[in-house]
Amino acid sequence: MDTTKKYKIPGAAPHPHIGKLIQIKVREKKLTYAEVARRIGVNATVFQAYLSKASVQFGILWKISIAIEYNFFADLMPYLPASTLNNNDSEFQQKIKEQDHEIADFKKEIEIYKGILSRKQ
């Protein structure tokens, strides 16, 4: 009988090893494991166990993100399949669309001004 947890079986879009990602960012920020553990309210041994796990609970990753002032969730977005990134009409995505339209309008205005300036010279 296969006792492998289903969430551990890699699918078509496997997730990154979260423990390794945490470990890298903690080192980049030059923090000790003991310090991060203290900030999230666990002992250092428990925190080190998180680093060996491919998957970490959302709440734990949330606490670590706040503790080390780093957005892990933004790092995880590129691992999602493209079809899942654009199926959400969040405020953030709406704002990006609005800003893209503004940029296009500004580019048109710049071209008009360049045309006017080139005629005057």
# chains A, B, ... in the order shown; residues from 1 in each chain; ligands from 1
$ residues_around --residues "Ala54 in chain A" --least-positions-apart "6" --cutoff "6 Å" --atoms "only C-alpha atoms" --output "PDB file with N, CA, C and O atoms, in the first residue's frame"
ATOM      1  N   HIS A  17      10.463  24.155  -3.167  1.00  0.00           N
ATOM      2  CA  HIS A  17      10.714  23.690  -1.801  1.00  0.00           C
ATOM      3  C   HIS A  17      10.673  24.922  -0.898  1.00  0.00           C
ATOM      4  O   HIS A  17      11.580  25.755  -0.910  1.00  0.00           O
ATOM      5  N   ILE A  18       9.610  25.046  -0.128  1.00  0.00           N
ATOM      6  CA  ILE A  18       9.396  26.250   0.676  1.00  0.00           C
ATOM      7  C   ILE A  18      10.456  26.394   1.758  1.00  0.00           C
ATOM      8  O   ILE A  18      10.943  27.496   2.024  1.00  0.00           O
ATOM      9  N   GLY A  19      10.840  25.302   2.378  1.00  0.00           N
ATOM     10  CA  GLY A  19      11.864  25.368   3.424  1.00  0.00           C
ATOM     11  C   GLY A  19      13.171  25.937   2.911  1.00  0.00           C
ATOM     12  O   GLY A  19      13.800  26.769   3.562  1.00  0.00           O
TER      13      GLY A  19
END
$ closest_residue --among "A:Lys25, A:Lys95, A:Lys107, A:His15" --to "Phe72 in chain A" --atoms "only C-alpha atoms"
A:Lys25
$ residues_around --residues "Ile40 in chain A" --least-positions-apart "4" --cutoff "9 Å" --atoms "only C-alpha atoms" --output "list in words"
Glu35, Val36, Phe47, Ile60, Lys63, Ile64, Ile66 and Ala67 of chain A
$ write_last_selection --atoms "N, CA and C atoms" --output "short mmCIF file (atom, residue, chain, number, x, y, z; two decimals), in the first residue's frame"
data_model
loop_
_atom_site.label_atom_id
_atom_site.label_comp_id
_atom_site.auth_asym_id
_atom_site.auth_seq_id
_atom_site.Cartn_x
_atom_site.Cartn_y
_atom_site.Cartn_z
N GLU A 35 16.92 33.87 16.04
CA GLU A 35 16.23 35.15 16.02
C GLU A 35 14.88 35.05 15.31
N VAL A 36 14.85 34.37 14.17
CA VAL A 36 13.59 34.21 13.44
C VAL A 36 12.62 33.37 14.27
N PHE A 47 11.83 25.77 14.25
CA PHE A 47 12.06 26.58 13.05
C PHE A 47 12.96 25.83 12.07
N ILE A 60 2.16 29.59 8.92
CA ILE A 60 3.57 29.61 9.30
C ILE A 60 4.35 30.50 8.33
N LYS A 63 3.62 34.13 9.10
CA LYS A 63 4.37 34.63 10.26
C LYS A 63 5.83 34.87 9.92
N ILE A 64 6.43 33.96 9.18
CA ILE A 64 7.84 34.11 8.82
C ILE A 64 8.01 35.33 7.91
N ILE A 66 6.29 38.06 7.85
CA ILE A 66 6.21 39.27 8.68
C ILE A 66 7.46 39.39 9.54
N ALA A 67 7.92 38.28 10.10
CA ALA A 67 9.07 38.31 11.00
C ALA A 67 10.34 38.77 10.31
#
$ closest_residue --among "A:Leu80, A:Phe106, A:Gly115, A:Thr32" --to "Ala44 in chain A" --atoms "only C-alpha atoms"
A:Thr32
$ residues_around --residues "Tyr33 in chain A" --least-positions-apart "6" --cutoff "12 Å" --atoms "only C-alpha atoms" --output "ChimeraX atom specification"
/A:22-27,39-51,64,67-68
$ atom_distance --atom1 "CA of Pro14 in chain A" --atom2 "CA of Phe73 in chain A"
15.5 Å
$ select_by_dssp --residues "range 1-116 of chain A" --states "helix (DSSP H, G or I)" --output "ChimeraX atom specification"
/A:6-8,18-28,33-40,44-51,58-68,72-79,82-85,91-116
